[in-house]
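Each remark here refers to the structure printed beneath this line.
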Amino acid sequence: VTGFGVAVETRPNGTVLALTGELDMGSASTLEEALERAEAEAEPGGPLVVDLRHLAFIDSSGLRVLLRAHLRAATSGRRLTLVRGPIEVHRVFTIALPDGRLSFVDAPEDAWA
Amino acid sequence: MARRLKQPAVSSSEALEGDVLDRVQVAVIATDVGGHITYWNPHAERLFGWTAEEAIGRPFAGLVGDPQGDQPAGEIQASVLAGGVWRGDLRAANRDGSEVLALASVAPVTRPDLGVVGLVAVCVDISDRIHHERLLAARTAVTRALAESLSLEEAMPRILQAVCENLEWDLGAVWQVDDDAAVIGAVDSFHLPDRPHGAFEEMTRNTRFDPGVGLPGRVWTSASAAWIPDVAVDDNFPRAGVAAAEGLHGAFGFPIVLAGRVLGVLEFFSREIRPPDQELIQTMSVIGSQVGQFMERMEAERALRASRDQLETILQGVDEGITVQDPSGRLVYANEASARLVGFESPEPFLGGSARVPIERLDVRDEHGRPFPFDRFPGQLILAGAGPNEALIRFRRVGDGQERWCLVRATPVLDEGGSLQFGVAIFHDVTDRRRAQEEQRFMAEASDLLASSLDYEETLARVARLAVSSLAGSPFADWCAVHVKDDEGRLREIAVQHVDATKVRFAADLQRRYPADPDARTGPPEVVRTGRSELYADIPDDLLVEAARDEEHLELIRSLGMHSAMVVPLVVGGRTLGAITFVLAESPRRYGPLELAVAEELARRAAVAVHNAQLFSSWQGLARKLQESLLPPDLPEIPGMEVAGVYRSGAKGIEVGGDFFDAFQTGDGNWALVIGDVCGKGPEAAVVTGLARHTIRAVALRERRPSRVLAALNAAMRQQRTDQTFCTLCHVRVKPSAAGARLTIAVAGHPLPVVVRAGGACEQAGTPGTLLGVFPDPALHERSVDLRPGDAVVLYTDGVIEARRGGETLGVPRLLQILSEAAGLPAERMAALVDDAVDSFSPEGPRDDVAVLVLRVVP
């Protein structure tokens, strides 16, 4: 079992949270705290990017955290962009949210394209 | 009683106390039992800005209190008058509005016959101290003059000289009140050698003033200092003519006061016009009262004794240790508190000798635990020529071996020539403050640990590790062991830690070779039996002998070098779960009641954490039961079809996922299949599961279209919950037909069901849709599929395809493969095969719930 990690990088034009390892019931709260902190520290409306490329696993608890962040972003007028993860990770999104409600890009840089 | 050495330590030891009180840069304030100020030393005046005259009689809390402080002075006063001692940071406002920050110690003043008669507060200015060297030099000289003179006649010229020389006044005179004649007359005068004022001095020596007349008269009447910027323009200065002729302008006078009575007046003149200097006036007031005491001593022995009694009472009440050394290092004065602080009964045996003798009987360390050499003591540095300095030290008190922390401040007392006369050291016991800080930190860390895990054995092991680590260089224990009672009531050691990790194994070996005797009358077994703590401030060898099983065991436990220990029970709700043992071996400390209190508090919190962990498991158990009760007890019998389900809850997760399935008749002769997965934790998930299941059953009775059933559930969930607890679901409507059945499939955020043809062909059916409970407008679609005899539809939750082996998941392709091989088998076999596949794919067992629902048209 690989641990879960969040690396937060503050860039001039937004904050990138790069996730590694397994995002499940045990680690969901870690991500939620990291997201909330990033939201509090980012400029109002400043874009947030969550990079899933190095995520090995995500379950419904992890999905819920990202959904909550998505809804908070929508409420506060902030852009939340996800960087597409590996196939097994991305499958969770295509099954649960097939209608493209979350915005995905292929690389963090594309979030500002 | 304060003790002091007779001869030859100080020629005038009586003055020393007054000197100590005045010179040590501590504010000393005494009150009566009603909290009204009765004594207010000069430093209090400097610290708070109020003169003694202003302060005396005022309420203590009103004058030194500040509602912004950590504790209101009123509370401090109340607790001290009730007999307690208060120590801490006192924040107050100076008269001029500036902030005063002082390290304060407030203690009750008691008299054997009367009990508490007031309080005495000692405040050390801990803001940067401003040094007023000139004032100090003048005061030093005055003090010395008083100390060295046998009569007022001898002292007075020297006092006048000291003030004139140090503070640059040209001329000074001393006046004495003649009570019988009710006049005041000059008894002595002095002028700087290069500033003769013959005529004025002559006139002064021959003048008598009535009360209120002239500078001496008004000081006498008002009993307070008077300042005349320029005598030439003052309307109550009879000597103005001569003064002007000699070029004298600035003048000030202050009373020589004792117990409120003016005995005399000191006056000084300068050729400059001088604006009033409050600092100087205050200093002179000190000198005035010193002189007053001196005069009183000369005049009336009895009154002096009364005054000394007052000082003694105050010094006795002072909780600070105060010591005075002469330049050779001899201890010439030490109060009771200084002796008590280090654990001696009285300072008497050490007076007259080197301070090294008592100090070296203590194992003194710096705050990091390193040995603190005698030469670095603030008092010793003073003797070596240093200025005021301080150090934080800790030591083991003689007698009870308790560790005490002390802030030592030392101040030099110089004579008029600038050479060292005394080194005064104040020992401020800050143990409680340090301990409170350490305990707070220890408890905070421990509480974090206790809250961090629900695996209580791991948690207790971490608490043991914490106990032997950190803490500002002073671990709480050198050894810590945790014993917990198992289900059969046997004690099991679940953790042992030592500051030195290499010794842990030694202790573990020892424990294995000599497991705790369950019937032992001391130690963990007894503590667990009785629920009462044990404290061994000292571990005498015979205790080890008693505890040892044999010679070898005795040798081994002796080699551990334990010298102090305590065992505290882990008790919660009257139940003793185990015990924690703390041992000191390497640390030069002893456990006392304070440490025991900390240990008991720690154990109490640990026990609560263990209890919570146990409660949590039963909460989880309850959740599981709730979950399982939501599974359909029996799947319905559907004519011409087989229905089978498998449900398995995740073996590893402590938080139960909310998988569920259902099959029921919709009332129009059709049937419904439902499988879903609620995201969320334990009981919460179970509640949503119930909501989902019952909503679908209710809505499906009147609503035929599965997508609308799901939309209705979405609305219900959004109405009931706002925390984005969502649910993924697959709902299939089954309409039996002559050729088999027509399925209408709606999917919301859920894996697509698989249609397994009798011949082995497998395909996913349906269109993906949005999960339920989060968005107001989920995209939901319907697809229809016809089943012929022998065909089956398999609904499942993501626990099936997310089953993991290493970094690999079972996945949809593998599932299709498995189902293809299961084609043609009865529904029940097919469901079991899927379950087996999940089981064998992830040997560690599924981490998530797994649910499978199969419907097959009977071939």
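The way I read the labels, and the way they are meant: chains A, B, ... in the order of the structure tokens, residue 1 as the first residue of every chain, and ligand 1 as the first ligand shown, with later ones counted on from there.
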Would you list the contacts of Phe427 in chain B as a PyMOL selection string, taking every protein, DNA or RNA residue within 12 Å and counting only C-alpha atoms, but skipping same-chain residues closer than 4 positions in sequence?
-> chain B and resi 24+26+103+105+122+124+318-324+334-342+377-379+390-394+404-411+431
Keeping only N, CA and C atoms, take the residues you just selected and write them out as a compact mmCIF listing (two decimals), in the first residue's frame.
```txt
# COMPACT_ATOMS: atom_id res chain seq x y z
N VAL B 24 17.61 46.16 45.96
CA VAL B 24 17.67 44.96 45.15
C VAL B 24 16.84 45.04 43.89
N VAL B 26 13.75 45.32 43.48
CA VAL B 26 12.46 44.66 43.51
C VAL B 26 11.49 45.60 44.19
N LEU B 103 7.81 40.39 37.14
CA LEU B 103 7.72 39.03 37.65
C LEU B 103 7.31 39.20 39.10
N SER B 105 5.66 37.95 42.88
CA SER B 105 5.40 36.87 43.82
C SER B 105 4.61 37.50 44.96
N VAL B 122 6.21 41.00 45.87
CA VAL B 122 7.54 41.35 45.41
C VAL B 122 7.52 41.32 43.90
N VAL B 124 9.60 42.03 40.39
CA VAL B 124 10.88 42.31 39.76
C VAL B 124 10.59 42.86 38.38
N VAL B 318 8.43 37.34 52.29
CA VAL B 318 8.93 37.33 50.92
C VAL B 318 9.23 35.90 50.52
N ASP B 319 8.69 35.52 49.39
CA ASP B 319 8.85 34.15 48.97
C ASP B 319 10.16 33.95 48.20
N GLU B 320 10.76 35.05 47.82
CA GLU B 320 12.01 34.98 47.07
C GLU B 320 13.14 34.71 48.04
N GLY B 321 14.10 33.92 47.57
CA GLY B 321 15.30 33.78 48.37
C GLY B 321 16.16 35.01 48.13
N ILE B 322 16.68 35.59 49.19
CA ILE B 322 17.57 36.73 49.04
C ILE B 322 18.87 36.42 49.78
N THR B 323 19.98 36.57 49.08
CA THR B 323 21.26 36.35 49.74
C THR B 323 22.16 37.54 49.45
N VAL B 324 23.05 37.78 50.38
CA VAL B 324 24.02 38.85 50.21
C VAL B 324 25.41 38.28 50.49
N ALA B 334 21.24 35.75 54.44
CA ALA B 334 20.39 34.88 53.62
C ALA B 334 19.07 34.78 54.34
N ASN B 335 17.99 34.97 53.63
CA ASN B 335 16.72 34.85 54.34
C ASN B 335 16.25 33.40 54.37
N GLU B 336 15.20 33.17 55.13
CA GLU B 336 14.67 31.82 55.29
C GLU B 336 14.28 31.21 53.95
N ALA B 337 13.65 32.06 53.13
CA ALA B 337 13.14 31.54 51.85
C ALA B 337 14.27 30.98 51.00
N SER B 338 15.44 31.62 51.06
CA SER B 338 16.56 31.15 50.24
C SER B 338 16.96 29.75 50.70
N ALA B 339 16.88 29.52 51.99
CA ALA B 339 17.25 28.20 52.50
C ALA B 339 16.18 27.17 52.14
N ARG B 340 14.92 27.55 52.33
CA ARG B 340 13.82 26.63 52.01
C ARG B 340 13.83 26.24 50.55
N LEU B 341 14.16 27.22 49.71
CA LEU B 341 14.15 27.00 48.26
C LEU B 341 15.00 25.81 47.87
N VAL B 342 16.18 25.70 48.52
CA VAL B 342 17.07 24.62 48.13
C VAL B 342 16.94 23.42 49.07
N PHE B 377 27.50 31.21 38.55
CA PHE B 377 26.36 31.75 39.28
C PHE B 377 26.36 33.27 39.20
N PRO B 378 25.20 33.88 39.02
CA PRO B 378 25.15 35.34 38.91
C PRO B 378 25.88 36.03 40.06
N GLY B 379 25.72 35.51 41.27
CA GLY B 379 26.38 36.12 42.42
C GLY B 379 27.89 36.04 42.30
N GLU B 390 21.66 37.57 35.28
CA GLU B 390 20.72 36.57 35.75
C GLU B 390 20.98 35.25 35.04
N ALA B 391 20.44 34.18 35.60
CA ALA B 391 20.59 32.86 34.99
C ALA B 391 19.40 32.01 35.41
N LEU B 392 19.02 31.13 34.48
CA LEU B 392 17.97 30.18 34.80
C LEU B 392 18.63 28.85 35.13
N ILE B 393 18.39 28.36 36.33
CA ILE B 393 19.04 27.12 36.72
C ILE B 393 17.99 26.14 37.24
N ARG B 394 18.39 24.89 37.28
CA ARG B 394 17.53 23.93 37.97
C ARG B 394 18.41 23.03 38.81
N ARG B 404 13.75 21.69 41.12
CA ARG B 404 13.24 23.06 41.16
C ARG B 404 13.93 23.88 40.08
N TRP B 405 13.18 24.83 39.52
CA TRP B 405 13.73 25.77 38.55
C TRP B 405 13.80 27.13 39.23
N CYS B 406 14.86 27.82 38.97
CA CYS B 406 15.07 29.07 39.66
C CYS B 406 15.64 30.11 38.72
N LEU B 407 15.08 31.29 38.79
CA LEU B 407 15.67 32.41 38.06
C LEU B 407 16.48 33.19 39.09
N VAL B 408 17.77 33.24 38.87
CA VAL B 408 18.65 33.91 39.83
C VAL B 408 19.09 35.25 39.22
N ARG B 409 18.85 36.32 39.98
CA ARG B 409 19.30 37.63 39.51
C ARG B 409 20.23 38.18 40.56
N ALA B 410 21.34 38.72 40.13
CA ALA B 410 22.28 39.28 41.09
C ALA B 410 22.59 40.72 40.71
N THR B 411 22.76 41.53 41.74
CA THR B 411 23.04 42.95 41.55
C THR B 411 24.22 43.31 42.44
N THR B 431 9.67 27.18 39.26
CA THR B 431 9.39 25.77 38.98
C THR B 431 7.97 25.56 38.47
```
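The list of residues with at least one atom within 6 Å of range 6-22 of chain A, based on only C-alpha atoms and without residues fewer than 6 positions apart in the same chain, reads Gly46, Pro47, Leu48, Val49, Val50, Asp51, Leu52, His54, Leu55, Ala56 and Phe57 of chain A.
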Chain A contacts to chain B at 7 Å (only C-alpha atoms) as number ranges by chain = A: 60-61, 64, 68, 95-99
With C-alpha atoms retained, export the selected residues as a CSV table (one decimal), in the first residue's frame.
```
chain,number,residue,atom,x,y,z
A,60,SER,CA,-15.7,7.4,-3.6
A,61,SER,CA,-14.4,9.2,-0.5
A,64,ARG,CA,-16.5,13.3,-2.6
A,68,ARG,CA,-17.0,19.3,-2.5
A,95,ILE,CA,-18.4,6.4,-14.3
A,96,ALA,CA,-19.6,8.8,-11.6
A,97,LEU,CA,-19.7,12.0,-13.6
A,98,PRO,CA,-19.9,11.1,-17.3
A,99,ASP,CA,-21.4,14.4,-18.2
```
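The list of residues with at least one atom within 8 Å of Leu35 in chain A, based on only C-alpha atoms and without residues fewer than 3 positions apart in the same chain, reads Leu17, Leu31, Glu32, Ala38, Glu39 and Ala69 of chain A.
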Extract, using only C-alpha atoms, all DNA, RNA and protein residues at most 8 Å from range 180-190 of chain B, discarding same-chain residues fewer than 4 positions from it, and format them as a PyMOL selection string.
-> chain B and resi 156-157+160-161+171-176+201+204-211+216-217+264
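Between CA of Val527 in chain B and CA of Ala579 in chain B there is a distance of 6.8 Å.
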In Å to one decimal, how far is CA of Gln282 in chain B from CA of Ala232 in chain B?
-> 24.6 Å
Please identify all polymer residues within 7 Å of Ser842 in chain B, counting only C-alpha atoms, omitting same-chain residues fewer than 4 positions from it, and present them as a PyMOL selection string.
-> chain B and resi 803-805+838+846
Among the residues of chain A, find those DSSP assigns to helix (DSSP H, G or I) from the backbone and print them as number ranges by chain.
-> A: 28-41, 60-76, 87-96, 108-112
Name all residues at most 8 Å from range 816-819 of chain B (count only C-alpha atoms; drop same-chain ones fewer than 5 positions away) and give them as JSON, numbers by chain.
-> {"B": [754, 756, 760, 762, 763, 830, 833, 834, 837]}
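Computed from the coordinates, the CA of Phe582 in chain B to CA of Cys480 in chain B distance equals 4.6 Å.
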